[in-house]
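**Q** Submitted below is the structure of interest, expressed as structure tokens.
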Amino acid sequence: MNQEYYNKILEENKLLKQQLADLQRSQNSISDSIYKNDSIKNLLLLINEYSMDLMNVPSDEVFVTGLQKLTEFIDAKSVHYSIYDPNTKELVVQHTSLSKTERKVLKALMGRDIIGMRVPFTDEHLESAMNDKVHIAYSVHELSLGKVPKAVGVIIEETFKVGWFLGIAMIHKEKFLGTFVIVGKKAVPIPDKEVLYAFAGVTANALIRKQADESLIKSQQRMKAYLDNSPDGIFITNYLGEILDVNPAGALLIGKDRGELIGLKVSEFILPEYMADVDTNVDSLVVNGQVFRDTIKYYRNDNLISTALISTARIDNDLYASFVKNIDDIVEAKDLLFKAKEKAEESDRLKSAFLANISHEIRSPMNGILGFANLLKTRDAGYEKTQMFLNLITSNGNQLLMLIDDLLDIAKLEAKQLKIQIRECNLASIIDEVFIQYQPKAIEKEIQLIKKTNQDVSEFVMYSDCLRIKQIITNLVTNAIKFTHEGQVVISYSAKKSHFEIEVKDTGIGIPKQHLENIFNRFSQVENAQYTSSSGTGLGLAITKGLVKLLNGRISVSSEPNIGSSFVVSLPISHSEEENADVTVPELTQKIQNIDEKIILVCEDEESNYLYISELLNIYNYKHIRASNGNQAVKMVEENENIGLILMDIKMPELNGCEATKIIKEKKPNIPVIANSAFISEHVSFENDDCGFDELIIKPIVPEVLLKTIKKYFSI
């Protein structure tokens, strides 16, 4: 659009120059024809002087100057000029040589001021004026083409002592511009028509010329304003690529002053690999005149390289205008958009792979559970095989439970809803537990599992979430053992001034450098046969990093393919952030007395769950009764004084476990209530104070955990 506007202005300038040339030829022709008459040479000299005067007069003062000169040429009563309005087909009086007093008298006689007076000028009148050039009238009525009544005209003629009226048509190149009207005195003869026509011609030519000059000046001013204020750089060059002119925006693009750029070649700024295309396009432009557009890279004065769009057009035989727009922001935005697109596609691909992997991870243990359960149901496998089948069912169930816990943890970490429980922990004891748990797995893979520290065990006391710390170390050790096929996995730990440092180092397959930055991303797994052959969801390290961050710690990784990996976790000795922490409720240590008389109330609406809990209690000879809903539980507690402990399911019909416990605690606050639920993981703090629960056990209920919890309150 900028270039089209620029070309339009150039075309206007060419047209105006042509008009000026035509005017000059027209004036020379008139002067040549009139000079043949020697009797009017003196008047022609005056006309020539008049034409020179008009060169310094603005277009809106040409006619006023003409009136003044006519009064010098001719002894006239007055002179007037009118402009032709082609839209309304009227002559409009613009100026008069009458004095103010004379204008007042004339206004009184006509009933209106002469300035602005409109006289109808039909096509017939126009044709007559174009043919006759000079028209003589002997009355105001005739002069006004009937606009002024005869009677009024006679009075005007007598009042101003006028004898004739001479109308001179101003014509330029067959275009009627208006008229001069000379009002002559009665005793003065009518001037030579040719001289008057020459005068009118000079005036008309001067008017057109001045209008053309002024239009050209305005056009140049518009062009300069456009160049100076254009946001794009504009370079005017010759065929050799030498800069003849440049606007401020162009100088700013390069980073030099305008004066420094004049005379330089554009090839000094455009990168060589782009200059070849520019030269080819310029050659094509010279041949066919077509505008060319291209993208280039150029050097700035600060030695940086920028990208620009360039559009070049030929504006004269050896003159070219190039419009240059810096597009660094656009290029950067496109790069960011492309990277975002790639990232989104990668994320979508990872999610799809993750869902497929999750499906596999769920179906695999379910296949083992359902398969071996069906075998036990349909055939007698013997004691040894039965035990093996049961162990496999348990193992697959635990695997499925771990998967569910991982999914819950990552969801809560993403939603920032995972809470931590601050309590006193011993890091050495936690590492011992993990070591004992995974030693058999290491032996099975014929690799060494080693733990080491150079400090006393008592120095590793900290205040943090013990279970989350164990989860972090467990995840790292699990990964290390999984991807180590020979050598060792070493768990080392040490106490610093304000934090503990834990390192899990292995001699496994390692992680390629290009994957290290994404290793903690959710859904991320290294795409390599060595990695994908191992099971897993790709959530373990993402959860680990989220937990470390939640505990105000840091985690880092270093690795080399086929050599091994090292994960280092730094955790503060004391967790100071209370925002995500739940304070642990002190354990109740007082036992229920008269155990033989006490029974356990099992509040459970699901039949299979009750049967499972009932069998566990029977194994340890605990007396128990059942409530199937919350209202029934409240009623049974009110009516049975022997109830010494309550196992309360949180989700129950009629009245949920939380509301039921509140009512029970109001009436019998000393009865321990152990909640059990499948809603939340064991690591999530439960709002004990709101409901009144003394303990919380997460389903599926582990027999050892249930027994240990019950024994805290009473034993057989």
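Residues are referred to by chain and number: the chain letter is A, B, ... according to the order shown in the structure tokens, the number counts from 1 in that chain, and ligands are numbered separately from 1 in the order shown.
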With a distance cut-off of 7 Å and only C-alpha atoms, select the neighbouring residues of Val79 (chain A), excluding the residue or stretch itself and same-chain residues fewer than 3 positions from it, and output the selection as a PyMOL selection string.

**A** chain A and resi 67+96-97+181-183

**Q** Convert the current residue selection to file output with C-alpha atoms, as a compact mmCIF listing (two decimals), in the first residue's frame.

**A**
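Here's the written file selection12.txt:
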# COMPACT_ATOMS: atom_id res chain seq x y z
CA LEU A 67 -7.95 43.57 -11.96
CA THR A 96 -14.55 43.92 -7.95
CA SER A 97 -12.52 47.11 -8.22
CA VAL A 181 -15.87 42.18 -16.97
CA ILE A 182 -14.68 45.68 -17.80
CA VAL A 183 -17.22 48.46 -17.15

**Q** Just want the 12 Å neighbourhood of region 490-495 of chain A, counted on only C-alpha atoms, with same-chain residues fewer than 4 positions away dropped. Output as an NGL selection string.

**A** :A and (426-432 or 434-435 or 438-439 or 442 or 447-462 or 473-474 or 476-478 or 480-481 or 484 or 499-508 or 564-573)

**Q** Return as a ChimeraX atom specification the full set of residues in region 205-313 of chain A whose backbone-based DSSP assignment is strand (DSSP E).

**A** /A:233-237,243-246,292-299,305-313

**Q** What is the CA of Thr295 (chain A)-CA of Ser311 (chain A) distance in Å, reported with one decimal?

**A**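 These atoms are spaced 8.9 Å apart.
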